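> Below you'll find entry.txt; it's compact mmCIF, C-alpha atoms.
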```
# COMPACT_ATOMS: atom_id res chain seq x y z
CA MET A 1 11.29 -6.53 -6.28
CA SER A 2 11.90 -8.98 -3.41
CA GLU A 3 11.06 -8.68 0.24
CA SER A 4 14.24 -6.77 1.08
CA GLY A 5 12.20 -3.72 0.16
CA LEU A 6 8.66 -2.57 -0.41
CA THR A 7 6.88 -2.60 -3.74
CA VAL A 8 4.32 0.04 -4.67
CA LEU A 9 1.50 -1.24 -6.87
CA ASP A 10 0.22 1.84 -8.68
CA GLY A 11 -1.37 0.17 -11.70
CA THR A 12 1.74 0.31 -13.90
CA HIS A 13 2.04 -3.49 -14.06
CA LEU A 14 -1.55 -3.78 -15.26
CA ARG A 15 -1.30 -1.07 -17.93
CA SER A 16 1.26 -3.12 -19.83
CA PHE A 17 -0.86 -6.26 -19.44
CA ASN A 18 -3.00 -7.39 -22.38
CA PRO A 19 -5.56 -9.83 -20.92
CA SER A 20 -7.19 -12.46 -23.08
CA LEU A 21 -10.14 -14.73 -22.40
CA PRO A 22 -9.73 -18.49 -22.13
CA GLU A 23 -11.55 -20.61 -24.68
CA LEU A 24 -15.28 -20.21 -24.10
CA ASN A 25 -18.10 -22.51 -25.11
CA GLY A 26 -20.82 -19.99 -25.83
CA SER A 27 -21.56 -17.22 -23.37
CA VAL A 28 -20.16 -16.62 -19.89
CA SER A 29 -21.91 -15.26 -16.82
CA GLY A 30 -20.80 -12.05 -15.17
CA ALA A 31 -19.86 -14.00 -12.03
CA GLN A 32 -17.63 -16.37 -14.02
CA LEU A 33 -16.10 -13.46 -15.90
CA LEU A 34 -15.22 -11.67 -12.66
CA GLU A 35 -13.44 -14.79 -11.41
CA ILE A 36 -11.43 -14.90 -14.63
CA ALA A 37 -10.64 -11.17 -14.48
CA ASP A 38 -9.65 -11.23 -10.79
CA SER A 39 -7.38 -14.22 -11.41
CA LYS A 40 -5.64 -12.53 -14.33
CA ALA A 41 -5.18 -9.28 -12.40
CA SER A 42 -3.83 -11.21 -9.42
CA THR A 43 -1.33 -13.07 -11.59
CA SER A 44 -0.09 -9.79 -13.06
CA LEU A 45 0.30 -8.38 -9.53
CA PHE A 46 2.68 -11.09 -8.26
CA GLY A 47 -0.13 -13.33 -7.04
CA LEU A 48 -1.70 -10.69 -4.81
CA SER A 49 -5.13 -11.59 -3.45
CA LEU A 50 -7.05 -8.49 -4.54
CA PRO A 51 -8.67 -6.61 -1.63
CA GLN A 52 -12.46 -6.69 -1.76
CA ASN A 53 -12.78 -2.89 -1.71
CA LEU A 54 -10.44 -2.64 -4.71
CA LYS A 55 -12.49 -5.13 -6.71
CA ALA A 56 -15.77 -3.43 -5.77
CA SER A 57 -14.49 0.03 -6.70
CA ALA A 58 -13.14 -1.22 -10.03
CA LEU A 59 -16.40 -2.98 -10.85
CA SER A 60 -18.42 0.15 -10.09
CA ARG A 61 -16.28 2.04 -12.63
CA VAL A 62 -17.20 -0.43 -15.36
CA ILE A 63 -20.84 -1.43 -14.87
CA ALA A 64 -23.73 0.99 -15.15
CA GLY A 65 -25.19 2.05 -11.84
CA PRO A 66 -23.62 1.97 -8.40
CA GLY A 67 -24.53 -0.26 -5.48
CA ASP A 68 -25.23 -3.89 -4.70
CA HIS A 69 -28.18 -4.18 -7.11
CA ALA A 70 -26.06 -3.38 -10.17
CA ASP A 71 -23.40 -5.83 -8.92
CA VAL A 72 -25.91 -8.66 -8.52
CA THR A 73 -27.51 -7.91 -11.88
CA PHE A 74 -24.16 -8.01 -13.64
CA ARG A 75 -23.16 -11.30 -12.03
CA GLN A 76 -26.36 -12.88 -13.36
CA THR A 77 -25.95 -11.46 -16.86
CA GLU A 78 -24.78 -13.69 -19.73
CA LEU A 79 -22.17 -12.12 -22.02
CA ASP A 80 -21.01 -13.25 -25.45
CA LYS A 81 -17.33 -13.44 -26.32
CA ASP A 82 -17.01 -9.88 -27.64
CA LYS A 83 -18.75 -8.28 -24.67
CA ALA A 84 -16.84 -10.48 -22.24
CA SER A 85 -13.55 -9.53 -23.86
CA LYS A 86 -14.38 -5.83 -23.65
CA PHE A 87 -15.41 -6.16 -20.00
CA LEU A 88 -12.18 -7.98 -19.16
CA SER A 89 -10.09 -5.20 -20.69
CA ASP A 90 -12.17 -2.43 -19.07
CA TYR A 91 -12.12 -4.12 -15.66
CA ILE A 92 -8.32 -4.58 -15.65
CA SER A 93 -7.97 -0.93 -16.68
CA ALA A 94 -10.34 0.08 -13.86
CA ILE A 95 -8.20 -1.77 -11.31
CA ALA A 96 -5.16 0.05 -12.71
CA ASP A 97 -6.99 3.37 -12.33
CA GLU A 98 -7.95 2.54 -8.74
CA LEU A 99 -4.34 1.68 -7.92
CA LYS A 100 -3.15 4.90 -9.53
CA ASP A 101 -5.47 6.86 -7.23
CA ASP A 102 -4.77 4.75 -4.15
CA PRO A 103 -1.63 2.59 -4.54
CA LEU A 104 -0.98 -0.50 -2.45
CA VAL A 105 2.33 -0.96 -0.64
CA VAL A 106 3.31 -4.62 -0.47
CA SER A 107 6.14 -6.98 0.39
CA ILE A 108 6.68 -9.80 -2.11
CA LEU A 109 8.03 -12.77 -0.18
CA ASP A 110 9.82 -14.95 -2.70
CA GLY A 111 12.48 -16.59 -0.53
CA ASN A 112 15.35 -14.39 -1.68
CA THR A 113 16.00 -12.70 1.65
CA LEU A 114 16.10 -16.04 3.47
CA LYS A 115 18.52 -17.41 0.87
CA MET A 116 20.79 -14.40 1.40
CA PHE A 117 21.03 -15.23 5.12
CA LEU A 118 21.59 -18.92 4.44
CA GLU A 119 24.26 -18.41 1.78
CA ASP A 120 26.52 -16.40 4.09
CA GLU A 121 27.76 -18.39 7.10
CA ASP A 122 28.54 -15.30 9.16
CA ASP A 123 25.16 -13.70 8.45
CA TYR A 124 23.35 -16.90 9.34
CA ALA A 125 25.36 -17.39 12.53
CA MET A 126 24.52 -13.85 13.65
CA LEU A 127 20.84 -14.30 12.76
CA ALA A 128 20.60 -17.56 14.71
CA GLU A 129 22.46 -16.10 17.69
CA ASN A 130 20.22 -13.02 17.84
CA LEU A 131 17.06 -15.09 17.53
CA PHE A 132 18.20 -17.49 20.24
CA THR A 133 18.99 -14.59 22.56
CA ASP A 134 15.58 -13.02 21.92
CA MET A 135 13.78 -16.31 22.57
CA ASP A 136 15.83 -17.08 25.71
CA ILE A 137 13.91 -14.60 27.83
CA GLU A 138 14.94 -16.31 31.08
CA ASP A 139 18.61 -16.20 30.06
CA LYS A 140 19.07 -19.92 30.77
CA GLY A 141 21.09 -20.69 27.68
CA LYS A 142 18.35 -23.14 26.70
CA ILE A 143 15.02 -22.84 24.90
CA CYS A 144 12.31 -25.36 24.06
CA LYS A 145 11.96 -26.75 20.55
CA ASN A 146 8.50 -25.23 20.26
CA GLU A 147 10.14 -21.77 20.46
CA LEU A 148 11.11 -22.24 16.80
CA ARG A 149 7.59 -21.12 15.91
CA ASN A 150 8.04 -17.91 17.89
CA ALA A 151 11.44 -17.40 16.27
CA LEU A 152 9.82 -17.43 12.83
CA VAL A 153 7.12 -15.02 13.99
CA HIS A 154 9.85 -12.80 15.43
CA MET A 155 11.67 -12.73 12.07
CA GLY A 156 8.49 -11.62 10.36
CA VAL A 157 7.88 -10.13 6.94
CA GLU A 158 10.88 -7.81 7.16
CA MET A 159 13.19 -10.84 7.22
CA GLY A 160 11.22 -12.82 4.66
CA ILE A 161 8.89 -14.93 6.83
CA PRO A 162 5.17 -14.61 6.02
CA PRO A 163 2.55 -14.78 8.79
CA PHE A 164 1.40 -18.33 9.57
CA SER A 165 -2.13 -17.25 8.62
CA GLU A 166 -0.95 -16.38 5.10
CA PHE A 167 1.37 -19.36 4.69
CA PRO A 168 0.07 -22.35 6.72
CA LEU A 169 2.71 -24.58 5.09
CA LEU A 170 5.02 -23.25 7.82
CA ASN A 171 3.18 -25.52 10.28
CA ASP A 172 3.99 -28.57 8.16
CA ILE A 173 7.63 -27.54 7.80
CA LEU A 174 8.05 -27.15 11.56
CA LYS A 175 6.41 -30.53 12.17
CA LYS A 176 8.52 -32.23 9.51
CA HIS A 177 11.73 -31.07 11.19
CA GLY A 178 10.57 -31.93 14.70
CA ALA A 179 10.36 -28.34 15.94
CA GLU A 180 7.72 -29.20 18.52
CA GLY A 181 7.54 -30.11 22.16
CA GLU A 182 9.35 -29.13 25.35
CA GLU A 183 12.77 -30.63 24.60
CA GLU A 184 15.42 -28.00 25.30
CA LEU A 185 18.02 -26.82 22.82
CA GLY A 186 21.28 -24.97 23.28
CA GLN A 187 22.29 -22.20 20.88
CA ALA A 188 24.24 -24.49 18.54
CA GLN A 189 21.38 -27.03 18.44
CA PHE A 190 18.88 -24.24 17.79
CA ALA A 191 20.96 -22.94 14.85
CA GLU A 192 21.32 -26.47 13.46
CA LEU A 193 17.57 -27.09 13.59
CA LEU A 194 16.60 -23.62 12.29
CA GLN A 195 18.73 -23.85 9.13
CA PRO A 196 16.80 -26.57 7.24
CA ILE A 197 13.52 -24.98 8.31
CA LEU A 198 14.52 -21.67 6.74
CA GLN A 199 15.89 -23.43 3.67
CA GLU A 200 12.67 -25.34 3.04
CA THR A 201 10.64 -22.18 3.67
CA ALA A 202 12.77 -20.27 1.14
CA ASP A 203 12.33 -23.03 -1.44
CA ALA A 204 8.56 -23.10 -0.89
CA LEU A 205 8.30 -19.31 -1.24
CA SER A 206 10.35 -19.34 -4.44
CA GLU A 207 7.67 -21.61 -5.95
CA ASN A 208 4.66 -19.82 -4.46
CA HIS A 209 5.24 -16.18 -3.58
CA VAL A 210 3.30 -14.61 -0.73
CA VAL A 211 2.29 -10.96 -1.12
CA ILE A 212 1.68 -9.01 2.08
CA ILE A 213 -0.21 -5.69 1.97
CA HIS A 214 1.11 -3.09 4.40
CA ASN A 215 -1.12 -0.60 6.17
CA VAL A 216 0.58 2.30 4.41
CA LYS A 217 -1.15 5.15 2.61
CA VAL A 218 0.62 6.57 -0.44
CA VAL A 219 -0.27 10.24 -0.93
CA ASN A 220 0.68 10.99 -4.53
CA GLY A 221 -1.42 14.05 -5.40
CA SER A 222 -4.08 12.06 -7.27
CA LYS A 223 -6.92 13.19 -5.01
CA LEU A 224 -5.71 16.80 -5.19
CA ARG A 225 -5.74 16.71 -8.97
CA LYS A 226 -9.33 15.47 -8.93
CA LEU A 227 -10.24 18.29 -6.55
CA LEU A 228 -8.68 20.90 -8.82
CA ALA A 229 -10.54 19.47 -11.82
CA ASP A 230 -13.90 19.66 -10.03
CA GLU A 231 -14.90 23.33 -9.82
CA LYS A 232 -17.77 22.74 -7.41
CA GLN A 233 -15.71 20.67 -5.01
CA PHE A 234 -12.85 23.16 -5.16
CA ASP A 235 -15.21 26.09 -4.48
CA ASN A 236 -16.45 24.27 -1.39
CA VAL A 237 -12.90 24.10 -0.08
CA VAL A 238 -12.37 27.79 -0.85
CA GLU A 239 -15.55 28.61 1.07
CA ARG A 240 -14.29 26.66 4.07
CA VAL A 241 -11.04 28.61 3.98
CA LEU A 242 -12.91 31.91 3.71
CA GLN A 243 -14.89 31.04 6.82
CA GLU A 244 -11.66 30.62 8.75
CA THR A 245 -9.82 33.60 7.29
CA LYS A 246 -12.62 36.19 7.33
CA SER A 247 -11.48 37.37 10.76
CA GLY A 248 -8.87 39.40 8.94
CA LYS A 249 -6.09 39.23 6.37
CA ASP A 250 -3.17 41.60 6.63
CA GLY A 251 -1.21 40.83 3.51
CA LEU A 252 0.61 37.82 2.17
CA GLN A 253 2.25 36.71 5.39
CA LYS A 254 -1.01 36.53 7.28
CA THR A 255 -2.85 34.86 4.41
CA THR A 256 -0.08 32.29 4.06
CA GLU A 257 -0.16 31.50 7.76
CA LEU A 258 -3.94 31.13 7.82
CA ILE A 259 -4.11 28.92 4.74
CA ARG A 260 -1.19 26.78 5.88
CA SER A 261 -2.88 26.33 9.24
CA PHE A 262 -6.12 25.33 7.50
CA PHE A 263 -4.36 22.80 5.30
CA GLU A 264 -2.47 21.33 8.25
CA LYS A 265 -5.74 20.83 10.11
CA HIS A 266 -8.03 19.73 7.26
CA GLY A 267 -5.79 18.81 4.32
CA LYS A 268 -6.30 15.09 4.80
CA ASP A 269 -9.95 15.59 3.75
CA PHE A 270 -8.98 16.52 0.20
CA GLY A 271 -5.72 14.69 -0.49
CA LEU A 272 -2.87 16.14 1.57
CA PRO A 273 -0.86 13.94 3.91
CA PRO A 274 -1.57 14.36 7.64
CA SER A 275 0.67 17.16 8.89
CA GLU A 276 1.84 15.05 11.84
CA SER A 277 2.83 12.04 9.68
CA ASN A 278 6.60 12.51 9.43
CA ASP A 279 9.39 14.96 8.69
CA ALA A 280 8.82 14.62 4.94
CA VAL A 281 5.41 16.28 5.33
CA ILE A 282 6.91 19.26 7.16
CA LEU A 283 9.49 19.64 4.40
CA LEU A 284 6.71 19.43 1.79
CA TYR A 285 4.75 22.26 3.43
CA ASP A 286 7.89 24.36 3.82
CA ALA A 287 8.80 23.88 0.15
CA VAL A 288 5.34 24.75 -1.18
CA PHE A 289 4.72 27.81 0.97
CA SER A 290 8.26 29.08 0.53
CA GLU A 291 7.73 28.97 -3.23
CA VAL A 292 4.39 30.78 -2.90
CA GLU A 293 5.85 33.50 -0.69
CA ASN A 294 8.66 34.06 -3.17
CA GLU A 295 6.08 34.90 -5.83
CA GLU A 296 5.27 38.07 -3.86
CA SER A 297 1.57 37.97 -4.52
CA VAL A 298 -0.64 39.66 -1.94
CA VAL A 299 -4.22 38.39 -1.60
CA LYS A 300 -6.71 41.20 -1.18
CA ALA A 301 -10.03 39.84 -2.44
CA ASP A 302 -11.97 36.61 -2.34
CA ASN A 303 -11.43 35.90 -6.03
CA GLU A 304 -7.69 36.39 -5.53
CA LEU A 305 -7.80 33.99 -2.61
CA ARG A 306 -9.39 31.42 -4.90
CA GLU A 307 -6.55 31.70 -7.43
CA TYR A 308 -3.98 31.77 -4.66
CA MET A 309 -5.34 28.53 -3.18
CA LYS A 310 -5.47 26.91 -6.60
CA ASP A 311 -1.82 27.81 -7.09
CA VAL A 312 -0.91 26.36 -3.68
CA LEU A 313 -2.79 23.11 -4.29
CA LYS A 314 -1.27 22.73 -7.77
CA LYS A 315 2.17 23.01 -6.23
CA PHE A 316 1.26 20.41 -3.61
CA ALA A 317 0.01 18.09 -6.38
CA GLU A 318 3.19 18.56 -8.42
CA GLN A 319 5.43 17.91 -5.43
CA LEU A 320 3.49 14.81 -4.39
CA GLU A 321 3.48 13.40 -7.91
CA ASP A 322 7.28 13.69 -8.04
CA ASN A 323 7.83 12.64 -4.41
CA PRO A 324 4.89 10.74 -2.88
CA ILE A 325 4.55 10.70 0.90
CA TYR A 326 4.20 7.35 2.66
CA CYS A 327 2.04 7.42 5.81
CA ASP A 328 2.14 4.42 8.13
CA LEU A 329 -1.46 4.07 9.27
CA ASP A 330 -0.43 1.83 12.18
CA ASP A 331 1.43 4.69 13.87
```
Have the structure of the file written as structure tokens, please.


Amino acid sequence: MSESGLTVLDGTHLRSFNPSLPELNGSVSGAQLLEIADSKASTSLFGLSLPQNLKASALSRVIAGPGDHADVTFRQTELDKDKASKFLSDYISAIADELKDDPLVVSILDGNTLKMFLEDEDDYAMLAENLFTDMDIEDKGKICKNELRNALVHMGVEMGIPPFSEFPLLNDILKKHGAEGEEELGQAQFAELLQPILQETADALSENHVVIIHNVKVVNGSKLRKLLADEKQFDNVVERVLQETKSGKDGLQKTTELIRSFFEKHGKDFGLPPSESNDAVILLYDAVFSEVENEESVVKADNELREYMKDVLKKFAEQLEDNPIYCDLDD
């Protein structure tokens, strides 16, 4: 998928990937093997630079013993071909498992969006006009050449331009086309200078994609399913609910209100989306509790409350698996 939309990396790409070791002369150190594994995973994920926390979590799934000591020990270990091959497969699978639990939302900048603007004269003319207007903050009808840099920043990832920090080649492209200095440009001159800059940027991105990770949390029910599978952890949640509901329960309606209120306040702790995130979350709560109410089950005892909560959380997990909620963490 190109940058006109977002791509969710949930491990699917890696599960169909069968990694193989390069030719080895003898054994390989754990440190070297991790470099190989990270490179292969990155290639399978559109060239994404794997976040450090993702790599650390995946490694802890594979090697015995948590913490920095186990990490250091593994990196110093020498592995023969068979053990190295098994580690490579296990590590890629562990990254896939991590992404299934906590997917990444990315934009893959491959030049296609820029080419779409450039291939349509009307679209490009409107883009250039809007950018010029936005850059001409003093409304003089003129802007300096060095405003081309700000124009690219203004376009941003949504329009196919990566941050300068992620794609420093942009600096060279601007310099090559003389987009520097205080010389003033009118709108037509601005559009004429911008066009080859965007074209060269699109060509460069088509050869070397840039993958941008968005600060978006995908709530897909994975954490809820783990909670439901862990009796001790689930009982702890039930106990917390009991503490808040012991002031009195007068039938299904009251129980439903109390539990919904608890989940809205604390649900983020065990895998529900924040209740204030967006309208989709409100609709999710309405759908789940409407279904529960329709079952006409009245909770009278603590053990019934436990089963009732399990039923509610299962429904949340099912709904989120079918329709994940996307929470923008920058909001």

> Using only C-alpha atoms, find the one residue out of A:Gly271, A:Pro163, A:Gly30, A:Pro51 that sits nearest to Val218 in chain A.

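Between A:Gly271, A:Pro163, A:Gly30, A:Pro51, the residue approaching Val218 in chain A most closely is A:Gly271.
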
> Just want the 8 Å neighbourhood of range 194-208 of chain A, counted on all atoms listed in the file, with same-chain residues fewer than 3 positions away dropped. Output as a list in words.

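Contacts, with the query itself left out: Leu109, Asp110, Gly111, Asn112, Leu114, Lys115, Leu118, Ala128, Leu148, Leu170, Ile173, Leu174, His177, Phe190 and Ala191 of chain A.
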
> Once you have the residues from the selection above, write them out as an mmCIF file, in the coordinates of the input, restricted to C-alpha atoms.


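again-v4.cif, freshly written:
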```
data_model
loop_
_atom_site.group_PDB
_atom_site.id
_atom_site.type_symbol
_atom_site.label_atom_id
_atom_site.label_comp_id
_atom_site.auth_asym_id
_atom_site.auth_seq_id
_atom_site.Cartn_x
_atom_site.Cartn_y
_atom_site.Cartn_z
ATOM 1 C CA LEU A 109 8.030 -12.770 -0.180
ATOM 2 C CA ASP A 110 9.820 -14.950 -2.700
ATOM 3 C CA GLY A 111 12.480 -16.590 -0.530
ATOM 4 C CA ASN A 112 15.350 -14.390 -1.680
ATOM 5 C CA LEU A 114 16.100 -16.040 3.470
ATOM 6 C CA LYS A 115 18.520 -17.410 0.870
ATOM 7 C CA LEU A 118 21.590 -18.920 4.440
ATOM 8 C CA ALA A 128 20.600 -17.560 14.710
ATOM 9 C CA LEU A 148 11.110 -22.240 16.800
ATOM 10 C CA LEU A 170 5.020 -23.250 7.820
ATOM 11 C CA ILE A 173 7.630 -27.540 7.800
ATOM 12 C CA LEU A 174 8.050 -27.150 11.560
ATOM 13 C CA HIS A 177 11.730 -31.070 11.190
ATOM 14 C CA PHE A 190 18.880 -24.240 17.790
ATOM 15 C CA ALA A 191 20.960 -22.940 14.850
#
```

> Could you please determine the separation between CA of Ser20 in chain A and CA of Lys100 in chain A in Å, to one decimal place?

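Going from CA of Ser20 in chain A over to CA of Lys100 in chain A covers 22.4 Å.
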
> Counting only C-alpha atoms, find the residues whose atoms lie at most 10 Å from (19.0, -16.1, 14.0) (file coordinates) and write them out as a list in words.

Phe117, Asp123, Tyr124, Ala125, Met126, Leu127, Ala128, Glu129, Asn130, Leu131, Phe132, Thr133, Asp134, Ala151, Leu152, His154, Met155, Gln187, Phe190, Ala191, Leu194 and Gln195 of chain A

> Taking 3 positions as the minimum chain separation for residues in the same chain, which residues sit within 6 Å of Lys142 in chain A when counting all atoms listed in the file? Answer as a ChimeraX atom specification.

/A:184-186
